[in-house]
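> Below is a structure I'd like to ask you about.
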Amino acid sequence: MPATVVVDGTITVAETDENYVCATIDWWPHDKCDYNHCPWEYTSVVNLVGLCNSSASSLDAFRPLRIRIGGSLQDQVLYDVGNLGSPCHSFFKMKGGLFGFSKGCLNMDRWDALNNLFSKTGAIISFGLNALHGRHKIKNKVWGGPWNSTNAHDFISYTISKGYKIEAWEFGNELSGTGIGASVSADTYAKDVVKLNEIVDALYKNSNKKPSIMAPGGFFEQGWFAKLLKITGPGTLNTVSHHMYNLGAGVDHHLIEHILDPYYLSKVSKTFSSLSQTIQQNGPWASVWVEKSGGAFNSGGFHVSDTFVNSFWYLDQLGMAAAYNTKVYCRQTLVGGHYSLLNTTTFVPNPDYYSALLWHRLMGKTVLGVTTTASPYLRYYAHCSKGRAGITLLLINMSNNTDFIVKARSRSNLKQNLQQTSDGASSFEEYHMSPKDGDLQSKTMLLNGIQLQLTEKEGIPNLQPIRSRLSSPLYISSLSISFIVFPNFDSPACA
C-alpha cells in the first residue's frame, strides 16, 4: 500500500539527552517469582553472576550505556559502610516484609567490583537510594517519621573517596502518590529531597561536577508531583523521574494484542502530556526521565517480553517519550526478569537489545515533526541522525496484512522526495528488523534478513545497513520495524 511520510526538518519538536537509551539493574533475588515463574536467576545488584565477563561486550557496544541501579527493594537496602549497626546480609523471603522480603545489604567489595565494570565499559550510572530508612509504617501502605540519612551519607562519602562517578542520586522507588508497596506524603518526601540535596552539596563541594538529584521514581499522580516540585523549589530537584508499565500485568493473555494495537499504545500519551504540563506549571527547571519501564509489570510477560514482538512496544515507547521531551528512557532491565535485554543465564542479547543499540547509534537527540497519510498501524518517528548529517526515520509496521511502499518527503518542499537530496547524494540506508522464521515470539532477530548472533569471540555483530539507490522504492513489510537513514537531507534544525 502506498504511503507518504512528511518530515519537517525546520523545527525542533523536542530534545532528548545525547545518551537517551538506559537500562536498569535491579535488586530482586533469584527466588523472586510471579505467576509460577522465577525469571530473575542471579541478576541482582548484589549477586549478578558473570556480569564482569560475559556481558562486558554488550555494555561496551553502547559506550556509553546509561545504567540505573534501583528497583522495588531499594528502600530496604542498607550499605555496609560506617556504623551500620546490624549484620550485612542478603535479601530473604520474610512474611510481612515489604514485597515479601527482608531488608538487604550492599557490601562495599561488591560495589567496588561493579564500579570496576562501569569504568571499563564507560557506563553512566544513576543510583537509587533508600528513602524509607528510619521511617515506620503508620497504616496500610502509608509510612511516616523522619528519614535517617546517616547510612546514605556514609555510602555517598565512600563512593566519592573511591573516585566512582555517579551522574545522579535518586531518592526512593515508587513511594509517590498512593505508592506500590509503601507511600510517603509529598510534604515529607519533599523536605527529605531538600535534605539529600544539602548532603550532596556538602560532600561534593570540592568536586568539579556535582551529581544531579532525581525523584521520585514512581507512577505519575498529578497532585503529588506538583506538590513535590512546589516545596523543593528551584535548584534542588534537577530531574523528575517516573515509571511506565502501560501494557498491564505480565500474566495478561492479551499482551501481544496490546503491543500490536496502535490505539492501545497511544493511550499513554495522556500521561506524558499531563506530566509535561505539571512540570511547566510547577517546576520548569526540572527535566524528565522515564527511569523504569518494562512494558508489563511483575517481571514482564513470559515468552513475550524477551521476544521480537516486544520491540514494537519498546521502540514505539522510545519514540513517543522522546516527542514529549523525555531526556532519558531506562528499560527494565539490562538483565533480570522476562523483560531482560540480555538472557538471564547466558547473557546473549534478546531482540530488544538490538533495538536499543540501533536507536542509540542512529537516532540523535533532536526530535523532528513528522506526519503520514498511512493507516494508524504504521507508526513513525523522525530525529536528526546521531553524530552525522541528515535525518533518521523509525517506521513500525504493526499491520499483519499490509506492506507499505513509503515515499518520504520534506515539508519545506512537498514535491521533493527525501531521497532526492540537494547535493545529489546517491543512496540512503535501510535497517529492516524482522523475527526469525516469521515467528513474532522468536528470540532471534534478523537485520536485513541476516540473523543477529554473537561472533566467535562473544562480540556483538556488526549492524550493517542496506544502501539503496535514490530511485529504489522503500518497502516496509508487515509486522516489521525499520530505521531509514537519509545522510544528506537538508534539515536546518539539525545544523
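Going by the C-alpha cells order, chains are called A, B, ..., each with residues numbered from 1, while ligands are numbered from 1 in the order shown.
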DSSP on the backbone: which residues in segment 147-202 of chain A end up as alpha helix (DSSP H)? Give the answer as a compact mmCIF listing (two decimals) with C-alpha atoms, in the first residue's frame.


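File written: part.txt
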```
# COMPACT_ATOMS: atom_id res chain seq x y z
CA THR A 150 23.28 8.66 58.01
CA ASN A 151 23.79 5.46 56.02
CA ALA A 152 23.15 7.22 52.70
CA HIS A 153 25.60 9.97 53.71
CA ASP A 154 28.29 7.40 54.54
CA PHE A 155 27.69 5.49 51.29
CA ILE A 156 27.92 8.63 49.14
CA SER A 157 31.06 9.65 51.03
CA TYR A 158 32.62 6.22 50.38
CA THR A 159 31.71 6.45 46.70
CA ILE A 160 33.42 9.86 46.44
CA SER A 161 36.50 8.62 48.30
CA ALA A 186 4.59 14.69 49.26
CA ASP A 187 5.31 17.18 52.06
CA THR A 188 7.56 14.78 53.96
CA TYR A 189 9.18 13.47 50.80
CA ALA A 190 9.97 16.96 49.50
CA LYS A 191 11.66 18.00 52.75
CA ASP A 192 13.91 14.95 52.57
CA VAL A 193 14.78 15.63 48.93
CA VAL A 194 15.97 19.04 50.13
CA LYS A 195 17.98 17.27 52.84
CA LEU A 196 19.56 14.91 50.30
CA ASN A 197 20.50 17.89 48.14
CA GLU A 198 22.22 19.51 51.12
CA ILE A 199 24.18 16.30 51.78
CA VAL A 200 25.28 16.06 48.15
CA ASP A 201 26.22 19.76 48.09
CA ALA A 202 28.38 19.34 51.17
```

> For Phe297 of chain A, please output as a list in words all residues within 6 Å (counting only C-alpha atoms; exclusion window: fewer than 3 positions along the same chain).

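The residues satisfying every condition are Tyr245, Ala249, Gly250 and Gly300 of chain A.
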
> Determine which residues of segment 28-156 of chain A DSSP labels as strand (DSSP E or B) from the backbone of this structure, then write them out as a ChimeraX atom specification.

/A:34,37,66-69,77-79,93,101,104-106,124-129,136-139,142-144

> Counting only C-alpha atoms, which residue out of A:Arg409, A:Lys436, A:Arg388, A:Arg361 sits closest to Pro487 of chain A?

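Ranking A:Arg409, A:Lys436, A:Arg388, A:Arg361 by distance to Pro487 of chain A, first place goes to A:Arg388.
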
> Rank A:Trp359, A:Phe347, A:Phe483, A:Phe171 by their smallest atom-to-atom distance to Tyr314 of chain A, using only C-alpha atoms, and report the top residue only.

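Closest to Tyr314 of chain A, using only C-alpha atoms: A:Trp359.
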